[in-house]
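Text of the file protein_34.pdb, holding PDB, C-alpha atoms:
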```pdb
ATOM      1  CA  MET J   1     104.625 116.989 122.600
ATOM      2  CA  ALA J   2     103.980 114.502 119.821
ATOM      3  CA  ASP J   3     102.621 111.131 120.747
ATOM      4  CA  THR J   4     104.791 108.032 120.326
ATOM      5  CA  ARG J   5     103.265 107.124 116.971
ATOM      6  CA  ASP J   6     104.083 110.577 115.571
ATOM      7  CA  GLN J   7     107.592 110.418 117.063
ATOM      8  CA  ILE J   8     108.132 107.130 115.235
ATOM      9  CA  LEU J   9     106.780 108.516 111.948
ATOM     10  CA  ASP J  10     108.951 111.635 112.338
ATOM     11  CA  ALA J  11     111.992 109.410 112.908
ATOM     12  CA  ALA J  12     111.154 107.238 109.896
ATOM     13  CA  GLU J  13     110.784 110.353 107.727
ATOM     14  CA  ARG J  14     114.171 111.704 108.871
ATOM     15  CA  LEU J  15     115.822 108.379 108.088
ATOM     16  CA  LEU J  16     114.133 108.155 104.695
ATOM     17  CA  ILE J  17     115.264 111.687 103.841
ATOM     18  CA  ALA J  18     118.793 110.745 104.945
ATOM     19  CA  GLY J  19     118.752 107.893 102.427
ATOM     20  CA  LYS J  20     118.085 104.947 104.724
ATOM     21  CA  VAL J  21     115.623 103.140 102.471
ATOM     22  CA  PRO J  22     113.971 101.206 103.948
ATOM     23  CA  PRO J  23     114.782 102.442 107.431
ATOM     24  CA  PRO J  24     115.653  99.542 109.763
ATOM     25  CA  LEU J  25     113.279  99.322 112.718
ATOM     26  CA  HIS J  26     116.157  99.445 115.219
ATOM     27  CA  ALA J  27     117.343 102.693 113.598
ATOM     28  CA  VAL J  28     113.800 104.109 113.713
ATOM     29  CA  ALA J  29     113.584 103.168 117.392
ATOM     30  CA  GLU J  30     116.916 104.810 118.173
ATOM     31  CA  GLU J  31     116.032 107.952 116.193
ATOM     32  CA  ALA J  32     112.614 108.173 117.884
ATOM     33  CA  GLY J  33     114.028 107.564 121.359
ATOM     34  CA  VAL J  34     111.844 104.512 121.945
ATOM     35  CA  SER J  35     112.504 100.799 122.212
ATOM     36  CA  LYS J  36     112.251  98.537 119.186
ATOM     37  CA  GLY J  37     109.270  96.984 120.966
ATOM     38  CA  GLY J  38     107.731 100.451 121.123
ATOM     39  CA  VAL J  39     108.073 100.733 117.358
ATOM     40  CA  LEU J  40     106.671  97.230 116.876
ATOM     41  CA  TYR J  41     103.690  98.098 119.084
ATOM     42  CA  HIS J  42     102.636 100.650 116.440
ATOM     43  CA  PHE J  43     104.165  99.352 113.205
ATOM     44  CA  THR J  44     105.662  96.411 111.406
ATOM     45  CA  THR J  45     108.281  96.972 108.749
ATOM     46  CA  ALA J  46     105.516  96.633 106.163
ATOM     47  CA  THR J  47     103.150  99.116 107.811
ATOM     48  CA  LEU J  48     105.747 101.776 108.635
ATOM     49  CA  LEU J  49     105.859 103.103 105.060
ATOM     50  CA  HIS J  50     102.078 103.038 104.897
ATOM     51  CA  GLY J  51     102.013 105.085 108.097
ATOM     52  CA  VAL J  52     104.340 107.691 106.569
ATOM     53  CA  VAL J  53     102.234 107.799 103.386
ATOM     54  CA  GLN J  54      98.941 107.978 105.296
ATOM     55  CA  ARG J  55     100.173 110.909 107.348
ATOM     56  CA  ALA J  56     101.398 112.748 104.229
ATOM     57  CA  VAL J  57      97.999 112.209 102.602
ATOM     58  CA  ARG J  58      96.194 113.423 105.733
ATOM     59  CA  LEU J  59      98.287 116.611 105.860
ATOM     60  CA  ALA J  60      97.751 117.291 102.143
ATOM     61  CA  ASP J  61      94.041 116.612 102.587
ATOM     62  CA  GLU J  62      93.822 119.142 105.425
ATOM     63  CA  ARG J  63      95.511 121.817 103.309
ATOM     64  CA  LEU J  64      93.421 121.094 100.224
ATOM     65  CA  THR J  65      90.164 120.989 102.180
ATOM     66  CA  ALA J  66      90.977 124.350 103.788
ATOM     67  CA  ALA J  67      91.804 125.800 100.362
ATOM     68  CA  ALA J  68      88.572 124.388  98.910
ATOM     69  CA  ALA J  69      86.618 126.156 101.657
ATOM     70  CA  GLN J  70      88.151 129.410 100.358
ATOM     71  CA  GLY J  71      87.437 128.542  96.706
ATOM     72  CA  ALA J  72      91.139 128.134  95.967
ATOM     73  CA  MET J  73      91.656 124.373  95.910
ATOM     74  CA  ALA J  74      92.874 124.236  92.291
ATOM     75  CA  ALA J  75      95.658 126.770  92.947
ATOM     76  CA  ALA J  76      96.574 124.928  96.155
ATOM     77  CA  TRP J  77      96.696 121.648  94.213
ATOM     78  CA  LEU J  78      99.203 123.093  91.762
ATOM     79  CA  ARG J  79     101.310 124.633  94.528
ATOM     80  CA  LEU J  80     101.329 121.445  96.616
ATOM     81  CA  SER J  81     102.452 119.560  93.508
ATOM     82  CA  VAL J  82     105.866 121.200  93.806
ATOM     83  CA  PRO J  83     107.293 119.943  97.103
ATOM     84  CA  ASP J  84     110.104 121.747  98.896
ATOM     85  CA  ASP J  85     113.537 120.057  99.024
ATOM     86  CA  GLN J  86     112.841 118.099 102.203
ATOM     87  CA  GLU J  87     109.424 116.903 101.010
ATOM     88  CA  ARG J  88     110.917 116.025  97.610
ATOM     89  CA  ARG J  89     113.593 113.820  99.190
ATOM     90  CA  LEU J  90     110.956 112.160 101.377
ATOM     91  CA  PHE J  91     108.641 111.496  98.417
ATOM     92  CA  GLN J  92     111.541 110.110  96.383
ATOM     93  CA  ALA J  93     112.450 107.765  99.234
ATOM     94  CA  MET J  94     108.843 106.663  99.667
ATOM     95  CA  LEU J  95     108.516 105.991  95.949
ATOM     96  CA  SER J  96     111.639 103.857  95.997
ATOM     97  CA  MET J  97     109.976 101.686  98.639
ATOM     98  CA  VAL J  98     106.592 101.364  96.952
ATOM     99  CA  LYS J  99     106.068  97.959  95.396
ATOM    100  CA  VAL J 100     104.265  97.332  92.151
ATOM    101  CA  THR J 101     102.043  94.263  92.126
ATOM    102  CA  ALA J 102     101.982  91.709  89.336
ATOM    103  CA  VAL J 103      99.038  93.565  87.761
ATOM    104  CA  GLY J 104     100.868  96.886  87.862
ATOM    105  CA  ASP J 105      99.015  98.472  90.784
ATOM    106  CA  LEU J 106     101.033 100.454  93.301
ATOM    107  CA  ASP J 107     101.053  99.012  96.819
ATOM    108  CA  LEU J 108      99.686 102.079  98.585
ATOM    109  CA  PRO J 109      97.266 102.418 101.476
ATOM    110  CA  ALA J 110      93.605 102.604 100.458
ATOM    111  CA  GLU J 111      93.506 106.163 101.849
ATOM    112  CA  VAL J 112      95.576 107.343  98.887
ATOM    113  CA  GLY J 113      92.973 106.328  96.309
ATOM    114  CA  GLU J 114      90.148 107.640  98.481
ATOM    115  CA  ALA J 115      91.912 110.990  98.883
ATOM    116  CA  ILE J 116      92.562 111.298  95.150
ATOM    117  CA  GLU J 117      88.880 110.656  94.415
ATOM    118  CA  ARG J 118      87.897 113.272  97.030
ATOM    119  CA  TRP J 119      90.376 115.796  95.603
ATOM    120  CA  ASP J 120      89.064 115.175  92.077
ATOM    121  CA  ARG J 121      85.517 115.888  93.302
ATOM    122  CA  MET J 122      86.688 119.075  95.053
ATOM    123  CA  LEU J 123      88.476 120.260  91.897
ATOM    124  CA  GLU J 124      85.404 119.600  89.767
ATOM    125  CA  ALA J 125      83.116 121.349  92.266
ATOM    126  CA  GLU J 126      85.355 124.409  92.315
ATOM    127  CA  LEU J 127      86.011 124.609  88.586
ATOM    128  CA  GLY J 128      82.515 123.554  87.461
ATOM    129  CA  ASP J 129      83.876 121.609  84.499
ATOM    130  CA  PRO J 130      85.064 117.997  84.728
ATOM    131  CA  VAL J 131      87.479 118.357  81.809
ATOM    132  CA  ARG J 132      89.055 121.523  83.210
ATOM    133  CA  ALA J 133      89.317 119.826  86.630
ATOM    134  CA  ARG J 134      91.025 116.816  85.035
ATOM    135  CA  VAL J 135      93.491 119.070  83.197
ATOM    136  CA  VAL J 136      94.405 120.882  86.436
ATOM    137  CA  ARG J 137      94.761 117.527  88.206
ATOM    138  CA  LEU J 138      97.029 116.138  85.476
ATOM    139  CA  VAL J 139      99.123 119.321  85.349
ATOM    140  CA  GLY J 140      99.643 118.965  89.109
ATOM    141  CA  ASP J 141     100.597 115.311  88.647
ATOM    142  CA  GLY J 142     103.091 116.366  85.979
ATOM    143  CA  LEU J 143     104.550 119.054  88.248
ATOM    144  CA  LEU J 144     105.052 116.471  90.981
ATOM    145  CA  PHE J 145     106.647 113.973  88.607
ATOM    146  CA  THR J 146     108.994 116.657  87.297
ATOM    147  CA  ALA J 147     109.861 117.760  90.831
ATOM    148  CA  LEU J 148     110.707 114.168  91.787
ATOM    149  CA  THR J 149     112.704 113.260  88.689
ATOM    150  CA  ALA J 150     114.297 116.454  87.420
ATOM    151  CA  GLN J 151     114.833 120.088  88.309
ATOM    152  CA  PRO J 152     111.739 121.142  90.275
ATOM    153  CA  PRO J 153     109.646 123.913  88.747
ATOM    154  CA  GLY J 154     109.960 127.232  90.546
ATOM    155  CA  ALA J 155     107.282 129.237  92.284
ATOM    156  CA  ALA J 156     107.125 131.579  89.282
ATOM    157  CA  ASP J 157     106.336 128.599  87.026
ATOM    158  CA  VAL J 158     103.459 127.563  89.277
ATOM    159  CA  ASP J 159     102.213 131.148  89.561
ATOM    160  CA  ALA J 160     102.203 131.352  85.743
ATOM    161  CA  LEU J 161     100.092 128.178  85.565
ATOM    162  CA  VAL J 162      97.679 129.495  88.189
ATOM    163  CA  ALA J 163      97.330 132.697  86.186
ATOM    164  CA  HIS J 164      96.990 130.787  82.898
ATOM    165  CA  PHE J 165      94.078 128.785  84.297
ATOM    166  CA  GLY J 166      92.579 131.973  85.766
ATOM    167  CA  LEU J 167      92.459 130.398  89.234
ATOM    168  CA  PRO J 168      91.965 132.267  92.498
ATOM    169  CA  LEU J 169      95.375 132.773  94.102
ATOM    170  CA  GLY J 170      94.467 131.259  97.468
ATOM    171  CA  VAL J 171      96.757 131.301 100.460
ATOM    172  CA  GLU J 172      99.376 128.697  99.527
TER     173      GLU J 172
END
```
Represent the supplied structure as structure tokens.
Amino acid sequence: MADTRDQILDAAERLLIAGKVPPPLHAVAEEAGVSKGGVLYHFTTATLLHGVVQRAVRLADERLTAAAAQGAMAAAWLRLSVPDDQERRLFQAMLSMVKVTAVGDLDLPAEVGEAIERWDRMLEAELGDPVRARVVRLVGDGLLFTALTAQPPGAADVDALVAHFGLPLGVE
């Protein structure tokens, strides 16, 4: 059984996907089956979104690290850049809650930037060419942007990109 923190994050994700942006803490508590105090023990309104984002980054990191161990991180990066319908709705909801600071920086947990730097290093190590790694990274970013703002690319589109780059297929 998931611990209370995960129950709360699961509840927040369900509410975000359902369009409750931002999800009220009392609704998160009710959805998670805990008291509002139980939610507040783990999160404030401000840290709840960061918790959802941090968990998404951790899960992506686990998948990408496993793929890198098999020499297939670049293909996994492209495939993970096209979220399924549920993930797409969650990412759209999270993006609608992300603030932009006065200098234009996104208000995201530090783990996001650290993960991106780690993933860039893994791509470069696998592909052996920093420019090729950057192109794969940016293509993945473009796939994600397209998936969040328009008709998501299909699996065949991603497979064609993987083949075009001559990447190992991996397990994704």
Given all atoms listed in the file as the counted atoms, nearest of J:His164, J:Trp77, J:Ala125, J:Glu117 to Gly142 of chain J | J:Trp77
Close residues, Leu16 of chain J itself excluded, 8 Å, all atoms listed in the file, min 5 positions apart in chain, as a PyMOL selection string = chain J and resi 21-23+89-90+93-94
Quick one: of J:Ala32, J:Leu40, J:Leu167, J:Leu64, who's nearest to Asp120 of chain J, counting only C-alpha atoms?
-> J:Leu64
Counting all atoms listed in the file, which of J:Glu62, J:Gly113, J:Met97, J:Ala72 gets nearest to Gly166 of chain J?
->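 That would be J:Ala72, the residue with the smallest distance to Gly166 of chain J.
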Given the file shown, determine the residues that the PyMOL selection byres ((chain J and resi 165) around 10) selects; report them as number ranges by chain.
-> J: 74-75, 132, 135-136, 159-164, 166-168
Any chance you could export the current selection's C-alpha atoms as a tab-separated table (two decimals), keeping the file's coordinate frame?
```tsv
chain	number	residue	atom	x	y	z
J	74	ALA	CA	92.87	124.24	92.29
J	75	ALA	CA	95.66	126.77	92.95
J	132	ARG	CA	89.06	121.52	83.21
J	135	VAL	CA	93.49	119.07	83.20
J	136	VAL	CA	94.40	120.88	86.44
J	159	ASP	CA	102.21	131.15	89.56
J	160	ALA	CA	102.20	131.35	85.74
J	161	LEU	CA	100.09	128.18	85.56
J	162	VAL	CA	97.68	129.50	88.19
J	163	ALA	CA	97.33	132.70	86.19
J	164	HIS	CA	96.99	130.79	82.90
J	166	GLY	CA	92.58	131.97	85.77
J	167	LEU	CA	92.46	130.40	89.23
J	168	PRO	CA	91.96	132.27	92.50
```
Write out as an mmCIF file with C-alpha atoms, in the coordinates of the input which residues come within 7 Å of segment 143-151 of chain J when counting all atoms listed in the file, dropping same-chain ones fewer than 6 positions away.
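Done, and the output landed in out.cif:
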```
data_model
loop_
_atom_site.group_PDB
_atom_site.id
_atom_site.type_symbol
_atom_site.label_atom_id
_atom_site.label_comp_id
_atom_site.auth_asym_id
_atom_site.auth_seq_id
_atom_site.Cartn_x
_atom_site.Cartn_y
_atom_site.Cartn_z
ATOM 1 C CA SER J 81 102.452 119.560 93.508
ATOM 2 C CA VAL J 82 105.866 121.200 93.806
ATOM 3 C CA ARG J 88 110.917 116.025 97.610
ATOM 4 C CA GLN J 92 111.541 110.110 96.383
#
```
From the list J:Val53, J:Ala18, J:Leu80, J:Ala29, which residue is nearest Glu111 of chain J when using all atoms listed in the file?
-> J:Val53
What does the distance from atom CA of Ala27 of chain J to atom CA of Gly51 of chain J come to in Å, to one decimal?
->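 Atom-to-atom, atom CA of Ala27 of chain J and atom CA of Gly51 of chain J are spaced 16.5 Å apart.
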Pick the closest to Trp119 of chain J from J:Leu25, J:Met73, J:Leu48, J:Leu95: which is it, counting all atoms listed in the file?
->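 Among the listed residues, J:Met73 lies closest to Trp119 of chain J.
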Just how far from atom CA of Ile8 of chain J is atom CA of Gly33 of chain J, in Å to one decimal?
-> 8.5 Å
Taking every listed atom of segment 157-163 of chain J and adding 5 Å to each side, what centre and edge lengths in Å (one decimal) does the axis-aligned box have, as lines of an AutoDock Vina configuration file?
```
center_x = 101.8
center_y = 130.1
center_z = 87.6
size_x = 19.0
size_y = 15.1
size_z = 14.0
```
Atom pair atom CA of Thr4 of chain J / atom CA of Gly37 of chain J: separation (Å) | 11.9 Å
Could you check which of J:Val28, J:Ala66, J:Val52, J:Leu127 is closest to Val112 of chain J, using all atoms listed in the file?
->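 That would be J:Val52, the residue with the smallest distance to Val112 of chain J.
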Written as a ChimeraX atom specification, what is the full residue list that the PyMOL selection byres ((chain J and resi 3) around 12) yields on the file shown?
-> /J:1-2,4-10,32-34,38,42
